[in-house]
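Okay, my_file_1.cif now, which holds mmCIF, C-alpha atoms:
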```cif
data_protein
loop_
_atom_site.group_PDB
_atom_site.id
_atom_site.type_symbol
_atom_site.label_atom_id
_atom_site.label_comp_id
_atom_site.auth_asym_id
_atom_site.auth_seq_id
_atom_site.Cartn_x
_atom_site.Cartn_y
_atom_site.Cartn_z
ATOM 1 C CA MET W 29 8.261 -5.140 3.433
ATOM 2 C CA ARG W 30 6.105 -8.042 4.515
ATOM 3 C CA THR W 31 5.048 -10.236 1.617
ATOM 4 C CA GLY W 32 4.609 -13.950 1.074
ATOM 5 C CA THR W 33 3.433 -14.344 4.676
ATOM 6 C CA LYS W 34 -0.276 -14.765 3.979
ATOM 7 C CA HIS W 35 -1.861 -18.202 3.673
ATOM 8 C CA ALA W 36 -3.591 -18.833 0.347
ATOM 9 C CA ILE W 37 -5.402 -21.722 -1.282
ATOM 10 C CA ALA W 38 -6.888 -22.354 -4.713
ATOM 11 C CA SER W 39 -10.652 -22.794 -4.852
ATOM 12 C CA SER W 40 -13.293 -23.307 -7.515
ATOM 13 C CA PHE W 41 -16.973 -22.475 -7.257
ATOM 14 C CA SER W 42 -19.947 -21.425 -9.347
ATOM 15 C CA VAL W 43 -22.632 -18.802 -8.745
ATOM 16 C CA ASN W 44 -26.265 -19.137 -9.866
ATOM 17 C CA GLY W 45 -25.531 -22.155 -12.025
ATOM 18 C CA ALA W 46 -22.731 -20.523 -14.018
ATOM 19 C CA ASP W 47 -19.558 -22.363 -14.937
ATOM 20 C CA ALA W 48 -17.178 -22.852 -12.054
ATOM 21 C CA ARG W 49 -14.294 -20.378 -11.900
ATOM 22 C CA LEU W 50 -10.892 -20.811 -10.325
ATOM 23 C CA ARG W 51 -10.373 -18.386 -7.448
ATOM 24 C CA LEU W 52 -7.530 -17.730 -5.046
ATOM 25 C CA VAL W 53 -8.642 -17.421 -1.429
ATOM 26 C CA VAL W 54 -6.185 -15.310 0.568
ATOM 27 C CA GLN W 55 -5.954 -15.012 4.331
ATOM 28 C CA GLY W 56 -7.344 -11.812 5.782
ATOM 29 C CA LEU W 57 -4.968 -9.598 7.719
ATOM 30 C CA ASP W 58 -6.325 -9.710 11.242
ATOM 31 C CA GLU W 59 -5.190 -10.504 14.796
ATOM 32 C CA ALA W 60 -4.469 -14.137 13.910
ATOM 33 C CA TRP W 61 -2.291 -13.127 10.963
ATOM 34 C CA GLU W 62 -0.502 -10.521 13.047
ATOM 35 C CA ALA W 63 0.266 -13.029 15.806
ATOM 36 C CA GLU W 64 1.811 -15.362 13.210
ATOM 37 C CA ASN W 65 4.102 -12.716 11.774
ATOM 38 C CA PHE W 66 5.041 -10.309 14.548
ATOM 39 C CA SER W 67 6.323 -10.866 18.074
ATOM 40 C CA THR W 68 5.682 -7.320 19.285
ATOM 41 C CA PRO W 69 2.353 -5.572 19.960
ATOM 42 C CA GLY W 70 1.125 -3.241 17.260
ATOM 43 C CA LEU W 71 -1.714 -1.756 15.239
ATOM 44 C CA LEU W 72 -2.581 -2.510 11.622
ATOM 45 C CA TYR W 73 -4.101 0.118 9.334
ATOM 46 C CA LYS W 74 -5.500 -0.350 5.805
ATOM 47 C CA ALA W 75 -5.559 2.508 3.291
ATOM 48 C CA GLU W 76 -8.923 2.924 1.590
ATOM 49 C CA ALA W 77 -8.980 2.827 -2.219
ATOM 50 C CA GLY W 78 -10.361 6.325 -2.615
ATOM 51 C CA GLY W 79 -8.331 7.918 0.164
ATOM 52 C CA ASP W 80 -5.055 9.768 0.246
ATOM 53 C CA TRP W 81 -2.199 10.358 2.663
ATOM 54 C CA THR W 82 -2.875 13.953 3.648
ATOM 55 C CA TYR W 83 -3.054 15.150 7.238
ATOM 56 C CA ARG W 84 -6.654 16.049 8.109
ATOM 57 C CA GLY W 85 -6.211 17.266 11.648
ATOM 58 C CA ASP W 86 -6.274 15.365 14.924
ATOM 59 C CA ASP W 87 -9.951 14.322 14.831
ATOM 60 C CA PRO W 88 -10.129 10.537 14.161
ATOM 61 C CA ASP W 89 -13.523 10.964 12.497
ATOM 62 C CA ALA W 90 -11.817 12.887 9.689
ATOM 63 C CA TYR W 91 -10.109 9.664 8.609
ATOM 64 C CA THR W 92 -13.178 7.435 8.414
ATOM 65 C CA ASP W 93 -13.082 7.282 4.621
ATOM 66 C CA VAL W 94 -9.294 7.188 4.401
ATOM 67 C CA PHE W 95 -8.029 4.405 6.668
ATOM 68 C CA ASP W 96 -9.499 1.395 8.471
ATOM 69 C CA GLN W 97 -7.945 -0.068 11.606
ATOM 70 C CA GLU W 98 -7.746 -3.845 11.352
ATOM 71 C CA THR W 99 -6.129 -4.949 14.633
ATOM 72 C CA GLY W 100 -5.836 -3.762 18.211
ATOM 73 C CA ASP W 101 -7.969 -1.397 20.265
ATOM 74 C CA ASP W 102 -9.286 1.551 18.271
ATOM 75 C CA ASP W 103 -6.491 4.101 18.182
ATOM 76 C CA LEU W 104 -5.648 6.227 15.170
ATOM 77 C CA THR W 105 -3.248 8.446 17.120
ATOM 78 C CA PRO W 106 -0.009 6.827 15.825
ATOM 79 C CA LEU W 107 -1.289 6.994 12.249
ATOM 80 C CA ILE W 108 -2.465 10.600 12.555
ATOM 81 C CA ASP W 109 0.863 11.636 14.083
ATOM 82 C CA PHE W 110 2.671 9.942 11.196
ATOM 83 C CA LEU W 111 0.523 11.673 8.569
ATOM 84 C CA GLU W 112 1.067 15.021 10.291
ATOM 85 C CA PHE W 113 4.811 14.437 10.143
ATOM 86 C CA LEU W 114 4.638 13.569 6.436
ATOM 87 C CA ASP W 115 2.508 16.592 5.645
ATOM 88 C CA THR W 116 3.992 19.359 7.776
ATOM 89 C CA SER W 117 7.648 18.607 8.523
ATOM 90 C CA SER W 118 10.424 20.612 6.910
ATOM 91 C CA ASP W 119 12.671 18.952 4.335
ATOM 92 C CA GLU W 120 15.468 18.757 6.891
ATOM 93 C CA ASP W 121 13.284 17.223 9.615
ATOM 94 C CA PHE W 122 11.730 14.829 7.127
ATOM 95 C CA ALA W 123 15.097 13.464 6.006
ATOM 96 C CA ALA W 124 16.430 13.242 9.550
ATOM 97 C CA GLU W 125 13.406 11.707 11.268
ATOM 98 C CA LEU W 126 11.850 9.453 8.628
ATOM 99 C CA PRO W 127 14.128 6.463 9.456
ATOM 100 C CA GLU W 128 12.931 6.685 13.072
ATOM 101 C CA ARG W 129 9.294 6.586 12.014
ATOM 102 C CA LEU W 130 9.419 4.131 9.086
ATOM 103 C CA ASP W 131 11.462 1.086 8.094
ATOM 104 C CA VAL W 132 12.892 2.925 5.097
ATOM 105 C CA GLU W 133 14.959 0.019 3.756
ATOM 106 C CA ALA W 134 11.955 -2.304 3.829
ATOM 107 C CA PHE W 135 9.787 0.311 2.132
ATOM 108 C CA ALA W 136 12.404 0.817 -0.581
ATOM 109 C CA ARG W 137 12.399 -2.950 -1.198
ATOM 110 C CA TYR W 138 8.613 -2.800 -1.462
ATOM 111 C CA LEU W 139 8.708 -0.031 -4.093
ATOM 112 C CA ALA W 140 11.411 -1.803 -6.099
ATOM 113 C CA PHE W 141 9.525 -5.098 -6.026
ATOM 114 C CA GLU W 142 6.203 -3.533 -7.026
ATOM 115 C CA GLU W 143 7.802 -1.908 -10.054
ATOM 116 C CA LEU W 144 9.571 -5.083 -11.112
ATOM 117 C CA VAL W 145 6.293 -7.034 -11.127
ATOM 118 C CA GLY W 146 4.477 -4.162 -12.852
ATOM 119 C CA ASN W 147 1.871 -3.762 -10.120
ATOM 120 C CA PHE W 148 -0.315 -0.850 -11.173
ATOM 121 C CA ASP W 149 -2.378 -0.852 -7.977
ATOM 122 C CA ASP W 150 0.298 -0.544 -5.297
ATOM 123 C CA ILE W 151 0.739 2.110 -2.619
ATOM 124 C CA ASP W 152 1.690 4.577 -5.371
ATOM 125 C CA GLY W 153 -1.324 3.776 -7.538
ATOM 126 C CA PRO W 154 -5.005 4.674 -7.584
ATOM 127 C CA GLY W 155 -5.957 2.034 -5.056
ATOM 128 C CA ASN W 156 -3.364 2.795 -2.338
ATOM 129 C CA ASN W 157 -3.323 -0.967 -1.827
ATOM 130 C CA ALA W 158 -1.154 -1.606 1.199
ATOM 131 C CA TYR W 159 -1.293 -1.884 4.953
ATOM 132 C CA LEU W 160 0.672 0.124 7.484
ATOM 133 C CA ARG W 161 1.655 -1.622 10.687
ATOM 134 C CA TYR W 162 2.649 0.389 13.732
ATOM 135 C CA ASP W 163 5.038 -1.312 16.127
ATOM 136 C CA ALA W 164 4.207 -0.220 19.664
ATOM 137 C CA GLU W 165 7.698 -1.056 20.947
ATOM 138 C CA SER W 166 9.808 0.685 18.313
ATOM 139 C CA GLY W 167 7.296 3.440 17.574
ATOM 140 C CA GLY W 168 7.846 2.954 13.844
ATOM 141 C CA PHE W 169 5.791 1.816 10.856
ATOM 142 C CA THR W 170 6.365 -0.824 8.217
ATOM 143 C CA VAL W 171 4.508 -1.384 4.954
ATOM 144 C CA VAL W 172 2.688 -4.664 4.384
ATOM 145 C CA ALA W 173 2.239 -5.537 0.704
ATOM 146 C CA TRP W 174 -1.267 -6.461 -0.411
ATOM 147 C CA ASP W 175 -3.415 -7.201 -3.472
ATOM 148 C CA HIS W 176 -1.323 -8.147 -6.490
ATOM 149 C CA ASN W 177 -4.092 -9.071 -8.913
ATOM 150 C CA LEU W 178 -2.961 -6.286 -11.269
ATOM 151 C CA ALA W 179 0.690 -7.372 -11.292
ATOM 152 C CA PHE W 180 2.288 -8.771 -14.458
ATOM 153 C CA GLY W 181 -0.294 -7.060 -16.665
ATOM 154 C CA GLY W 182 -3.302 -8.515 -14.891
ATOM 155 C CA SER W 183 -6.740 -6.939 -14.783
ATOM 156 C CA PRO W 184 -9.668 -7.262 -12.348
ATOM 157 C CA GLY W 185 -11.677 -9.273 -14.862
ATOM 158 C CA GLY W 186 -8.809 -11.633 -15.606
ATOM 159 C CA SER W 187 -8.439 -10.577 -19.236
ATOM 160 C CA GLY W 188 -5.957 -8.371 -21.040
ATOM 161 C CA GLY W 189 -5.999 -4.617 -21.213
ATOM 162 C CA GLY W 190 -6.892 -2.294 -18.414
ATOM 163 C CA PRO W 191 -4.346 -0.972 -15.933
ATOM 164 C CA GLY W 192 -1.827 -3.744 -16.400
ATOM 165 C CA GLY W 193 -1.782 -3.723 -20.162
ATOM 166 C CA PHE W 194 -3.299 -0.428 -21.315
ATOM 167 C CA PRO W 195 -4.874 1.223 -23.169
ATOM 168 C CA GLY W 196 -8.013 1.264 -21.250
ATOM 169 C CA GLU W 197 -11.238 2.387 -20.104
ATOM 170 C CA ARG W 198 -11.793 1.811 -16.424
ATOM 171 C CA PRO W 199 -11.870 -2.001 -16.079
ATOM 172 C CA GLU W 200 -15.000 -3.677 -14.831
ATOM 173 C CA GLY W 201 -14.680 -4.439 -11.149
ATOM 174 C CA ALA W 202 -11.906 -1.903 -10.560
ATOM 175 C CA PRO W 203 -11.843 -0.168 -7.159
ATOM 176 C CA GLU W 204 -13.851 3.000 -6.747
ATOM 177 C CA GLY W 205 -11.650 6.013 -7.334
ATOM 178 C CA MET W 206 -9.519 4.300 -9.978
ATOM 179 C CA PRO W 207 -9.374 6.754 -12.903
ATOM 180 C CA GLU W 208 -9.722 5.841 -16.548
ATOM 181 C CA MET W 209 -6.594 5.697 -18.651
ATOM 182 C CA PRO W 210 -6.868 7.633 -21.928
ATOM 183 C CA ASP W 211 -6.336 5.479 -25.011
ATOM 184 C CA GLY W 212 -2.741 5.179 -26.061
ATOM 185 C CA GLU W 213 -1.278 6.867 -22.999
ATOM 186 C CA ARG W 214 0.853 5.350 -20.313
ATOM 187 C CA PRO W 215 1.998 7.002 -17.085
ATOM 188 C CA GLU W 216 5.595 8.162 -17.112
ATOM 189 C CA GLY W 217 7.819 5.395 -15.811
ATOM 190 C CA GLY W 218 5.309 2.623 -16.499
ATOM 191 C CA PRO W 219 2.576 1.219 -14.308
ATOM 192 C CA GLY W 220 2.959 1.293 -10.560
ATOM 193 C CA GLY W 221 5.806 1.490 -8.117
ATOM 194 C CA ALA W 222 8.812 3.713 -7.751
ATOM 195 C CA GLY W 223 8.953 4.588 -11.431
ATOM 196 C CA GLY W 224 6.229 7.177 -11.062
ATOM 197 C CA GLY W 225 3.111 5.144 -11.741
ATOM 198 C CA MET W 226 -0.365 6.554 -12.014
ATOM 199 C CA ARG W 227 -0.970 8.277 -8.705
ATOM 200 C CA GLY W 228 -4.257 8.000 -6.882
ATOM 201 C CA GLY W 229 -3.536 10.507 -4.126
ATOM 202 C CA SER W 230 -0.935 12.454 -2.211
ATOM 203 C CA ASN W 231 1.811 10.320 -0.700
ATOM 204 C CA ALA W 232 4.966 11.995 0.583
ATOM 205 C CA LEU W 233 6.514 8.599 1.293
ATOM 206 C CA VAL W 234 6.817 7.693 -2.368
ATOM 207 C CA ASP W 235 8.300 11.076 -3.244
ATOM 208 C CA ALA W 236 11.018 11.001 -0.565
ATOM 209 C CA ASP W 237 14.479 11.252 -2.127
ATOM 210 C CA THR W 238 16.055 8.946 0.461
ATOM 211 C CA VAL W 239 13.467 6.258 -0.242
ATOM 212 C CA GLN W 240 13.762 6.622 -4.018
ATOM 213 C CA GLN W 241 17.557 6.341 -3.924
ATOM 214 C CA GLU W 242 17.396 3.101 -1.960
ATOM 215 C CA ALA W 243 14.625 1.752 -4.193
ATOM 216 C CA ASP W 244 16.697 2.494 -7.319
ATOM 217 C CA GLU W 245 19.704 0.649 -5.895
ATOM 218 C CA ILE W 246 17.621 -2.369 -4.862
ATOM 219 C CA ARG W 247 15.815 -2.476 -8.192
ATOM 220 C CA ASP W 248 19.136 -2.442 -10.056
ATOM 221 C CA VAL W 249 20.336 -5.421 -8.017
ATOM 222 C CA LEU W 250 17.105 -7.384 -8.473
ATOM 223 C CA SER W 251 16.910 -6.769 -12.189
#
```

For the file at hand, write its structure as structure tokens.
Amino acid sequence: MRTGTKHAIASSFSVNGADARLRLVVQGLDEAWEAENFSTPGLLYKAEAGGDWTYRGDDPDAYTDVFDQETGDDDLTPLIDFLEFLDTSSDEDFAAELPERLDVEAFARYLAFEELVGNFDDIDGPGNNAYLRYDAESGGFTVVAWDHNLAFGGSPGGSGGGPGGFPGERPEGAPEGMPEMPDGERPEGGPGGAGGGMRGGSNALVDADTVQQEADEIRDVLS
């Protein structure tokens, strides 16, 4: 997991004469960020809020509304190959080959951390909020953590309730595709992360037994 590697600064500004509000300005994940954090060439992909992790064939146009490429020359081939593997491999091949295609230990740390901070909107949530970075030398992926405004019971509007605190109607300013939470109900395992948070789409990574076992062990140590 890559986290804590983005520059950020506090800022305050007003719009149309309204009272000034405190805002956190966070560095965008682009070529400059990648050069700061990685020594090998690679490609960075961002999951769209309303997308999912299903294999949609080998036509890159089929993924326009699912993933954006943020760095490198346009090439969705590594990502498409990875999604095909997740979607079509047998249980035996999945277990045997996943460590070659993904930094499993780092991903398990990511899942454990997201659950500990109660992040509703992580890779396992309705927003699919994370980046995937493909390393051209190793041929594997790693997850880059992103967007923690809903951690620790937060909400898009900065007040209580909503995804982080429940119950809730869909909070104002929430990403498109984020479903409403019925009053008085909470997803099994609590919001977000490896505990089985509210799912926004199909994601074989989160359901992998090998990943879940490592995440459980790491979470036990951290807590």

Determine the residue membership of the PyMOL selection byres ((chain W and resi 79) around 8) for the file above and supply it as a PDB file with C-alpha atoms, in the coordinates of the input.
```pdb
ATOM      1  CA  ALA W  75      -5.559   2.508   3.291  1.00  0.00           C
ATOM      2  CA  GLU W  76      -8.923   2.924   1.590  1.00  0.00           C
ATOM      3  CA  ALA W  77      -8.980   2.827  -2.219  1.00  0.00           C
ATOM      4  CA  GLY W  78     -10.361   6.325  -2.615  1.00  0.00           C
ATOM      5  CA  ASP W  80      -5.055   9.768   0.246  1.00  0.00           C
ATOM      6  CA  TRP W  81      -2.199  10.358   2.663  1.00  0.00           C
ATOM      7  CA  ASP W  93     -13.082   7.282   4.621  1.00  0.00           C
ATOM      8  CA  VAL W  94      -9.294   7.188   4.401  1.00  0.00           C
ATOM      9  CA  PHE W  95      -8.029   4.405   6.668  1.00  0.00           C
ATOM     10  CA  ASN W 156      -3.364   2.795  -2.338  1.00  0.00           C
ATOM     11  CA  GLY W 229      -3.536  10.507  -4.126  1.00  0.00           C
TER      12      GLY W 229
END
```

So for stretch 51-68 of chain W, what box centre and size do we get, axis-aligned, 6 Å extra on each of the six sides, every listed atom, Å to one decimal, as lines of an AutoDock Vina configuration file?
```
center_x = -2.0
center_y = -12.9
center_z = 5.9
size_x = 28.7
size_y = 23.1
size_z = 38.7
```

- Message: With the PyMOL selection byres ((chain W and resi 174) around 7) as the selection, what would be picked from this file? Answer as JSON, numbers by chain, please.
- Response: {"W": [157, 158, 172, 173, 175, 176]}

- To one decimal place, how far is atom CA of W:Pro88 from atom CA of W:Asp103 in Å? 8.4 Å

- Task: Considering all atoms listed in the file, return as a PyMOL selection string whatever protein or nucleic-acid residues lie within 6 Å of W:Ala179, sequence-local ones (same chain, fewer than 3 positions apart) excluded.
- Result: chain W and resi 145-147+176+182

- Given the choices W:Phe148, W:Gly45, W:Leu50, W:Leu233, which gets closest to W:Phe135 if the distance is worked out from all atoms listed in the file?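 The answer is W:Leu233, which sits nearest to W:Phe135.
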
- Query: With distances taken over all atoms listed in the file, which of W:Leu104, W:Leu111, W:Val171, W:Ala36 is nearest to W:Val132?
  - Reply: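 For W:Val132, the nearest of the given residues is W:Val171.
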
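Selection check: the PyMOL selection byres ((chain W and resi 167) around 12) on the shown file gives W:Thr68, W:Pro69, W:Gly70, W:Leu71, W:Thr105, W:Pro106, W:Leu107, W:Asp109, W:Phe110, W:Leu126, W:Pro127, W:Glu128, W:Arg129, W:Leu130, W:Asp131, W:Arg161, W:Tyr162, W:Asp163, W:Ala164, W:Glu165, W:Ser166, W:Gly168, W:Phe169, W:Thr170.
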
Emit the selected residues as a compact mmCIF listing (two decimals), keeping the file's coordinate frame, including C-alpha atoms.
```txt
# COMPACT_ATOMS: atom_id res chain seq x y z
CA THR W 68 5.68 -7.32 19.28
CA PRO W 69 2.35 -5.57 19.96
CA GLY W 70 1.12 -3.24 17.26
CA LEU W 71 -1.71 -1.76 15.24
CA THR W 105 -3.25 8.45 17.12
CA PRO W 106 -0.01 6.83 15.82
CA LEU W 107 -1.29 6.99 12.25
CA ASP W 109 0.86 11.64 14.08
CA PHE W 110 2.67 9.94 11.20
CA LEU W 126 11.85 9.45 8.63
CA PRO W 127 14.13 6.46 9.46
CA GLU W 128 12.93 6.68 13.07
CA ARG W 129 9.29 6.59 12.01
CA LEU W 130 9.42 4.13 9.09
CA ASP W 131 11.46 1.09 8.09
CA ARG W 161 1.66 -1.62 10.69
CA TYR W 162 2.65 0.39 13.73
CA ASP W 163 5.04 -1.31 16.13
CA ALA W 164 4.21 -0.22 19.66
CA GLU W 165 7.70 -1.06 20.95
CA SER W 166 9.81 0.68 18.31
CA GLY W 168 7.85 2.95 13.84
CA PHE W 169 5.79 1.82 10.86
CA THR W 170 6.36 -0.82 8.22
```

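Of the residues listed (W:Ala140, W:Leu72, W:Ala90, W:Ile108), W:Leu72 shows the shortest atom-to-atom separation from W:Leu57; distances use only C-alpha atoms.
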
- Message: Can you measure atom CA of W:Glu64 to atom CA of W:Leu178 for me? One decimal in Å is fine.
- Response: 26.5 Å

- Using only C-alpha atoms, the residue out of W:Ala63, W:Tyr83, W:Arg49, W:Gln241 with shortest distance to W:Leu114 is W:Tyr83
